Amino acid sequence: MSDIKDKSLAKEGVRKINWVQKHMPVLEQIKKQFEEEKPFEGLTIGSCLHLEPKTINLGLTLLAGGAEVAMCGCNPLSTHDDATAGGDALGLNIYGWREQNDEEYYTSINQVLDYKPDIIIDDGADMILVIHQERKELLKSIKGACEETTTGVHRLEAMHADNALKFPVIAVNDAYTKHLFDNRYGTGQSTFDAIMGTTNMLIAGKTVVVSGYGWCGRGVSSRAAGLGANVIVTEVDPIRALEARMDGYRVMKISEAVKHADLIITVTGNINVINGDDFKYMKDGCMLANSGHFNVEINRQDLEKLSKSVEEVRDSIEEFTLKDGRKIYLLADGRLVNLAAVRGQGHPAEIMDMSFAGQALSAKYIKENDLSIGVSKAPDALDYQIANMKLKSMDIEIDSLSNRQKIYMSEWQEGT
Ligand SMILES: NC(=O)c1ccc[n+]([C@@H]2O[C@H](COP(=O)([O-])OP(=O)(O)OC[C@H]3O[C@@H](n4cnc5c(N)ncnc54)[C@H](O)[C@@H]3O)[C@@H](O)[C@H]2O)c1
Ligand SMILES: O=c1[nH]cnc2c1ncn2[C@@H]1O[C@H](CO)[C@@H](O)[C@H]1O
Ligand SMILES: N[C@@H](CCS)C(=O)O
């Protein structure tokens, strides 16, 4: 069963799924192992992830492992209607379509929960929140959940600190093979793919302000610099601010940075990063995009209050005309631009290969172990397994320690 936009888009969807499969070798290998071992036989897995071809490929991997799979989107704007049609044709149960309103978005989450999943895969923790608040009857049978992103992990850790979390969660985001590559190189590339595809704008010579110098901010700043921009970083953490400075960027307060910006990209996971007076000091033509948390990093309501009109001037570009005539452009409604913009395709397949290998192996780990309630990383062994598989798929060989080196590394007696 599925409730999607248009099943007649299946052929195009399957074409796109086939394409990404060619570039997700680690996940393909896990799929083959799952086909033989059937680790999820008799189980149902419910996911709340951006619904696009790479995610459908994760769904197919879980299906190959014997699971019944029900999937919905984790953002009202990120669903690709052809990919969901393709996934439906290939045996997945999918709920959702691009441009859902809030009610439709939560209805889709509940439709997935109607399958009574044993394992949850979430991105941003909306599905886990719904289970704890509205679908408490499911708490007993859920063996555990996997969380994809930094913000979701923070929300779940806060829940656990309040004793509100009722099942174990694996923070897939916290695996090295996830955040070092997905958050950094993935967000770096896909944010600019989406911004450039949406605006048809030149980056070279522009001043790009990046708010937040975490894993995503490092990637976005480095891509901006690589494209020839002048990069300014804003931070609240003194160590990350220093790191940004020594990586070669200017660092200043957001209230000052907005005066210089041609393009501002928020990647903090925080609320109201750009708000109030910040909009008053922006240059005419300044573009605003978020690649972080939901649609709260840029305070749209504050921008509306300063504006006399708002018009969608191109797909995923809203033009806010301020009362003094200046124009400010908000991309993709302030939702994560790399996925929510009409031209957003999310991270490259080679990147999601590792993130979703982490999801697939973490789901299997939940099935095979009785974890205690709380938020924890998957064992390092899974991370190393993924890294080794990825290196092999890239035909890269590395050295290993000799016995002499192992002994040297573990001793303290030997010196000059
Ligand atoms: N677009 C994507 O595809 C994508 C990919 C991965 C993560 N994310 C999301 O992006 C966000 C950032 O993720 P991350 O892994 O880089 O997190 P992180 O914790 O590594 O980095 C966030 C940084 O923002 C800084 N920060 C917080 N509030 C700030 C403020 N008001 N002004 C300036 N800096 C501030 C923090 O000090 C921190 O250094 C999260 O919401 C995450 O879920 C999005
Ligand atoms: O193309 C994609 N498909 C599915 N998920 C993605 C893609 N690109 C990024 N993310 C995931 O979205 C999370 C934030 O919501 C990120 O943590 C990232 O892993
Ligand atoms: N799923 C959420 C979490 C990103 S931090 C979103 O799409 O905005």
# chains A, B, ... in the order shown; residues from 1 in each chain; ligands from 1
>>> residues_around(residues="segment 317-322 of chain A", least_positions_apart="4", cutoff="7 Å", atoms="only C-alpha atoms", output="list in words")
Leu306, Ser307, Lys308, Ser309, Val310, Glu311, Glu312, Val313, Arg326, Lys327, Ile328, Tyr329, Leu330, Leu331 and Ala332 of chain A
>>> residues_near_ligand(ligand="ligand 1", cutoff="7 Å", atoms="only C-alpha atoms and all ligand atoms", output="MDAnalysis selection string")
chainID A and resid 124 149:152 179 182:183 186:187 191 211:217 234:237 240 267:270 273 291:293 336:339 346:347
>>> write_last_selection(atoms="C-alpha atoms", output="PDB file, in the first residue's frame")
ATOM      1  CA  GLY A 124      15.164  14.980  12.819  1.00  0.00           C
ATOM      2  CA  THR A 149      21.003  13.860  11.786  1.00  0.00           C
ATOM      3  CA  THR A 150      22.680  16.117  14.368  1.00  0.00           C
ATOM      4  CA  THR A 151      19.502  17.963  15.306  1.00  0.00           C
ATOM      5  CA  GLY A 152      17.606  14.696  15.796  1.00  0.00           C
ATOM      6  CA  HIS A 179      29.214  13.091   9.900  1.00  0.00           C
ATOM      7  CA  ASP A 182      27.878  13.473   4.868  1.00  0.00           C
ATOM      8  CA  ASN A 183      27.693  16.586   7.036  1.00  0.00           C
ATOM      9  CA  GLY A 186      27.893  16.141   1.376  1.00  0.00           C
ATOM     10  CA  THR A 187      26.394  19.358   2.738  1.00  0.00           C
ATOM     11  CA  THR A 191      24.133  23.098  -0.662  1.00  0.00           C
ATOM     12  CA  SER A 211      26.692  30.698  10.229  1.00  0.00           C
ATOM     13  CA  GLY A 212      27.907  27.752  12.252  1.00  0.00           C
ATOM     14  CA  TYR A 213      31.322  26.134  11.857  1.00  0.00           C
ATOM     15  CA  GLY A 214      30.450  22.570  12.789  1.00  0.00           C
ATOM     16  CA  TRP A 215      30.726  19.638  10.394  1.00  0.00           C
ATOM     17  CA  CYS A 216      28.310  21.195   7.898  1.00  0.00           C
ATOM     18  CA  GLY A 217      29.751  24.699   8.262  1.00  0.00           C
ATOM     19  CA  THR A 234      29.887  33.428  12.426  1.00  0.00           C
ATOM     20  CA  GLU A 235      30.010  31.236  15.527  1.00  0.00           C
ATOM     21  CA  VAL A 236      29.060  31.143  19.203  1.00  0.00           C
ATOM     22  CA  ASP A 237      31.747  28.607  20.162  1.00  0.00           C
ATOM     23  CA  ARG A 240      35.231  26.671  16.415  1.00  0.00           C
ATOM     24  CA  VAL A 267      24.040  25.530   9.292  1.00  0.00           C
ATOM     25  CA  THR A 268      23.829  25.748  13.075  1.00  0.00           C
ATOM     26  CA  GLY A 269      20.954  23.482  14.138  1.00  0.00           C
ATOM     27  CA  ASN A 270      19.718  26.469  16.140  1.00  0.00           C
ATOM     28  CA  VAL A 273      20.222  32.667  13.898  1.00  0.00           C
ATOM     29  CA  SER A 291      21.042  24.023   5.134  1.00  0.00           C
ATOM     30  CA  GLY A 292      20.589  23.177   8.796  1.00  0.00           C
ATOM     31  CA  HIS A 293      17.640  22.730  11.051  1.00  0.00           C
ATOM     32  CA  LEU A 336      17.218  22.914   4.108  1.00  0.00           C
ATOM     33  CA  VAL A 337      18.008  24.164   0.645  1.00  0.00           C
ATOM     34  CA  ASN A 338      19.932  21.113  -0.587  1.00  0.00           C
ATOM     35  CA  LEU A 339      16.819  18.977  -0.276  1.00  0.00           C
ATOM     36  CA  GLY A 346      20.425  16.084  -1.643  1.00  0.00           C
ATOM     37  CA  HIS A 347      23.890  14.711  -1.129  1.00  0.00           C
TER      38      HIS A 347
END
>>> closest_residue(among="A:Glu103, A:Asp162, A:Asp315, A:Glu350", to="ligand 2", atoms="only C-alpha atoms and all ligand atoms")
A:Glu350
>>> select_by_dssp(residues="segment 155-265 of chain A", states="strand (DSSP E or B)", output="tab-separated table (two decimals) with N, CA and C atoms, in the first residue's frame")
chain	number	residue	atom	x	y	z
A	168	PRO	N	15.67	2.41	23.00
A	168	PRO	CA	17.05	2.75	22.63
A	168	PRO	C	17.14	3.40	21.26
A	169	VAL	N	18.08	4.31	21.13
A	169	VAL	CA	18.30	4.97	19.85
A	169	VAL	C	19.78	4.90	19.50
A	170	ILE	N	20.07	4.54	18.26
A	170	ILE	CA	21.46	4.63	17.78
A	170	ILE	C	21.60	5.94	17.01
A	171	ALA	N	22.58	6.73	17.44
A	171	ALA	CA	22.85	8.01	16.78
A	171	ALA	C	23.73	7.73	15.56
A	207	THR	N	30.61	37.70	-1.42
A	207	THR	CA	30.87	37.47	0.00
A	207	THR	C	29.80	36.53	0.54
A	208	VAL	N	30.27	35.36	0.98
A	208	VAL	CA	29.35	34.35	1.50
A	208	VAL	C	29.55	34.24	3.01
A	209	VAL	N	28.47	34.44	3.75
A	209	VAL	CA	28.52	34.30	5.21
A	209	VAL	C	27.99	32.92	5.57
A	210	VAL	N	28.79	32.19	6.35
A	210	VAL	CA	28.37	30.86	6.80
A	210	VAL	C	28.18	30.94	8.32
A	211	SER	N	26.96	30.68	8.79
A	211	SER	CA	26.69	30.70	10.23
A	211	SER	C	26.76	29.30	10.77
A	230	ASN	N	34.55	35.13	-1.05
A	230	ASN	CA	35.13	35.61	0.20
A	230	ASN	C	34.25	35.06	1.30
A	231	VAL	N	34.82	34.33	2.24
A	231	VAL	CA	33.98	33.65	3.23
A	231	VAL	C	34.11	34.32	4.60
A	232	ILE	N	32.97	34.60	5.20
A	232	ILE	CA	32.93	35.08	6.59
A	232	ILE	C	32.18	34.02	7.40
A	233	VAL	N	32.74	33.66	8.55
A	233	VAL	CA	32.07	32.67	9.41
A	233	VAL	C	31.56	33.37	10.66
A	234	THR	N	30.36	32.97	11.11
A	234	THR	CA	29.89	33.43	12.43
A	234	THR	C	29.73	32.21	13.32
A	250	ARG	N	37.36	35.05	7.53
A	250	ARG	CA	37.09	36.13	8.47
A	250	ARG	C	36.02	35.65	9.45
A	251	VAL	N	36.10	36.06	10.70
A	251	VAL	CA	35.11	35.66	11.70
A	251	VAL	C	34.59	36.93	12.37
A	263	LEU	N	25.42	36.44	0.10
A	263	LEU	CA	24.69	35.18	0.33
A	263	LEU	C	24.99	34.75	1.76
A	264	ILE	N	23.92	34.39	2.49
A	264	ILE	CA	24.11	33.89	3.86
A	264	ILE	C	23.56	32.48	3.93
A	265	ILE	N	24.37	31.56	4.49
A	265	ILE	CA	23.93	30.17	4.63
A	265	ILE	C	24.01	29.79	6.10
>>> atom_distance(atom1="atom CA of Leu371 of chain A", atom2="atom CA of Gly144 of chain A")
7.9 Å
>>> select_by_dssp(residues="segment 44-232 of chain A", states="helix (DSSP H, G or I)", output="VMD selection string")
chain A and resid 53 to 64 81 to 89 102 to 113 126 to 133 136 to 138 150 to 161 172 to 174 176 to 199 215 to 226
